[in-house]
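> Encoded as structure tokens, here's the structure I'll be asking about.
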Amino acid sequence: MSTVVAEIEAKIRNLSLEDRAELIRALIADLDGPADADVERAWLEEAQRRHREVAGGKVQAVPGEQVFANLRSRLKR
């Protein structure tokens, strides 16, 4: 790690938790680049489809606690 990066890191560690979180979000967004409009549209369509299935009784929603319990069980195997 370069000296400059080490100095920046030391300064960042002195920031409040909220400021560090905001900085991290900004840096990640910068690395991710601009949002892809097609991906955003596809996710919106998927969310709407899933909502219609739940609202129409086609699928049954699973409580979050049960989902996480199932995941923890599967990860222990």
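Ligands are numbered from 1 in the order shown, chains are lettered A, B, ... in the order of the structure tokens, and residues start at 1 in each chain.
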Can you tell me which residues surround A:Ile24 at a distance of at most 12 Å, considering only C-alpha atoms, apart from same-chain residues fewer than 4 positions away, and format the answer as a PDB file with N, CA and C atoms, in the first residue's frame?

ATOM      1  N   GLU A   9      -6.334   6.385   4.280  1.00  0.00           N
ATOM      2  CA  GLU A   9      -7.024   5.407   5.119  1.00  0.00           C
ATOM      3  C   GLU A   9      -7.053   5.863   6.578  1.00  0.00           C
ATOM      4  N   ILE A  12      -9.641   8.498   6.953  1.00  0.00           N
ATOM      5  CA  ILE A  12     -10.989   7.935   6.840  1.00  0.00           C
ATOM      6  C   ILE A  12     -11.407   7.276   8.151  1.00  0.00           C
ATOM      7  N   ARG A  13     -10.466   6.587   8.796  1.00  0.00           N
ATOM      8  CA  ARG A  13     -10.786   5.901  10.051  1.00  0.00           C
ATOM      9  C   ARG A  13     -11.158   6.880  11.160  1.00  0.00           C
ATOM     10  N   LEU A  15     -13.139   9.420  10.649  1.00  0.00           N
ATOM     11  CA  LEU A  15     -14.474   9.932  10.353  1.00  0.00           C
ATOM     12  C   LEU A  15     -15.511   9.222  11.211  1.00  0.00           C
ATOM     13  N   LEU A  17     -18.949   7.103  11.907  1.00  0.00           N
ATOM     14  CA  LEU A  17     -19.480   5.917  11.236  1.00  0.00           C
ATOM     15  C   LEU A  17     -20.374   6.315  10.061  1.00  0.00           C
ATOM     16  N   GLU A  18     -21.206   7.323  10.256  1.00  0.00           N
ATOM     17  CA  GLU A  18     -22.104   7.775   9.197  1.00  0.00           C
ATOM     18  C   GLU A  18     -21.327   8.318   8.002  1.00  0.00           C
ATOM     19  N   ASP A  19     -20.289   9.111   8.270  1.00  0.00           N
ATOM     20  CA  ASP A  19     -19.483   9.669   7.181  1.00  0.00           C
ATOM     21  C   ASP A  19     -18.724   8.583   6.426  1.00  0.00           C
ATOM     22  N   ARG A  20     -18.208   7.587   7.169  1.00  0.00           N
ATOM     23  CA  ARG A  20     -17.512   6.478   6.498  1.00  0.00           C
ATOM     24  C   ARG A  20     -18.467   5.692   5.618  1.00  0.00           C
ATOM     25  N   ILE A  28     -18.233   3.001  -3.965  1.00  0.00           N
ATOM     26  CA  ILE A  28     -18.769   1.822  -4.650  1.00  0.00           C
ATOM     27  C   ILE A  28     -19.582   2.238  -5.862  1.00  0.00           C
ATOM     28  N   ALA A  29     -20.394   3.280  -5.716  1.00  0.00           N
ATOM     29  CA  ALA A  29     -21.181   3.768  -6.846  1.00  0.00           C
ATOM     30  C   ALA A  29     -20.262   4.216  -7.978  1.00  0.00           C
ATOM     31  N   ASP A  30     -19.142   4.833  -7.622  1.00  0.00           N
ATOM     32  CA  ASP A  30     -18.182   5.278  -8.631  1.00  0.00           C
ATOM     33  C   ASP A  30     -17.562   4.078  -9.348  1.00  0.00           C
ATOM     34  N   LEU A  31     -17.249   3.024  -8.603  1.00  0.00           N
ATOM     35  CA  LEU A  31     -16.684   1.819  -9.207  1.00  0.00           C
ATOM     36  C   LEU A  31     -17.704   1.098 -10.083  1.00  0.00           C
TER      37      LEU A  31
END
> What does the structure give for the distance between atom CA of A:Gly64 and atom CA of A:Ala35, in Å to one decimal?
28.2 Å
> In Å, rounded to a single decimal, give me how far atom CA of A:Phe68 is from atom CA of A:Glu45.
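Between atom CA of A:Glu45 and atom CA of A:Phe68 the gap is 25.2 Å.
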> Report, in Å to a single decimal, how far apart atom CA of A:Gln60 and atom CA of A:Arg74 are.
21.0 Å
> Among chain A, which ones does DSSP assign to helix (DSSP H, G or I) (computed from the backbone)? Answer as a compact mmCIF listing (two decimals) with C-alpha atoms, in the first residue's frame.

# COMPACT_ATOMS: atom_id res chain seq x y z
CA THR A 3 2.07 6.05 1.65
CA VAL A 4 -0.62 8.28 0.16
CA VAL A 5 -3.23 5.51 0.41
CA ALA A 6 -2.17 4.74 3.99
CA GLU A 7 -2.54 8.43 4.91
CA ILE A 8 -5.99 8.59 3.31
CA GLU A 9 -7.02 5.41 5.12
CA ALA A 10 -5.88 6.84 8.46
CA LYS A 11 -7.94 9.99 7.85
CA ILE A 12 -10.99 7.94 6.84
CA ARG A 13 -10.79 5.90 10.05
CA LEU A 17 -19.48 5.92 11.24
CA GLU A 18 -22.10 7.77 9.20
CA ASP A 19 -19.48 9.67 7.18
CA ARG A 20 -17.51 6.48 6.50
CA ALA A 21 -20.67 4.70 5.33
CA GLU A 22 -21.54 7.62 3.04
CA LEU A 23 -18.00 7.63 1.62
CA ILE A 24 -18.07 3.88 1.02
CA ARG A 25 -21.41 4.13 -0.80
CA ALA A 26 -20.06 6.94 -2.99
CA LEU A 27 -16.87 5.01 -3.82
CA ILE A 28 -18.77 1.82 -4.65
CA ALA A 29 -21.18 3.77 -6.85
CA ASP A 30 -18.18 5.28 -8.63
CA LEU A 31 -16.68 1.82 -9.21
CA ASP A 32 -20.01 0.43 -10.41
CA ALA A 37 -31.40 1.46 -17.78
CA ASP A 38 -32.21 -1.98 -19.23
CA VAL A 39 -31.28 -3.70 -15.98
CA GLU A 40 -33.33 -1.25 -13.93
CA ARG A 41 -36.32 -1.81 -16.22
CA ALA A 42 -35.90 -5.59 -16.06
CA TRP A 43 -35.83 -5.56 -12.24
CA LEU A 44 -38.92 -3.36 -12.13
CA GLU A 45 -40.76 -5.74 -14.46
CA GLU A 46 -39.67 -8.72 -12.34
CA ALA A 47 -40.85 -7.05 -9.13
CA GLN A 48 -44.20 -6.22 -10.73
CA ARG A 49 -44.59 -9.81 -11.99
CA ARG A 50 -43.85 -11.22 -8.55
CA HIS A 51 -46.29 -8.80 -6.94
CA ARG A 52 -49.04 -9.87 -9.35
CA GLU A 53 -48.37 -13.54 -8.54
CA VAL A 54 -48.61 -12.94 -4.79
CA ALA A 55 -51.62 -10.63 -5.06
CA GLY A 64 -38.51 -13.69 6.14
CA GLU A 65 -37.66 -15.51 9.38
CA GLN A 66 -38.43 -18.82 7.69
CA VAL A 67 -36.34 -17.92 4.64
CA PHE A 68 -33.31 -17.11 6.80
CA ALA A 69 -33.80 -20.23 8.95
CA ASN A 70 -33.86 -22.35 5.79
CA LEU A 71 -30.71 -20.64 4.50
CA ARG A 72 -28.86 -21.14 7.79
CA SER A 73 -29.85 -24.82 7.75
CA ARG A 74 -28.65 -25.27 4.18
CA LEU A 75 -25.34 -23.50 4.85
CA LYS A 76 -24.59 -25.81 7.81
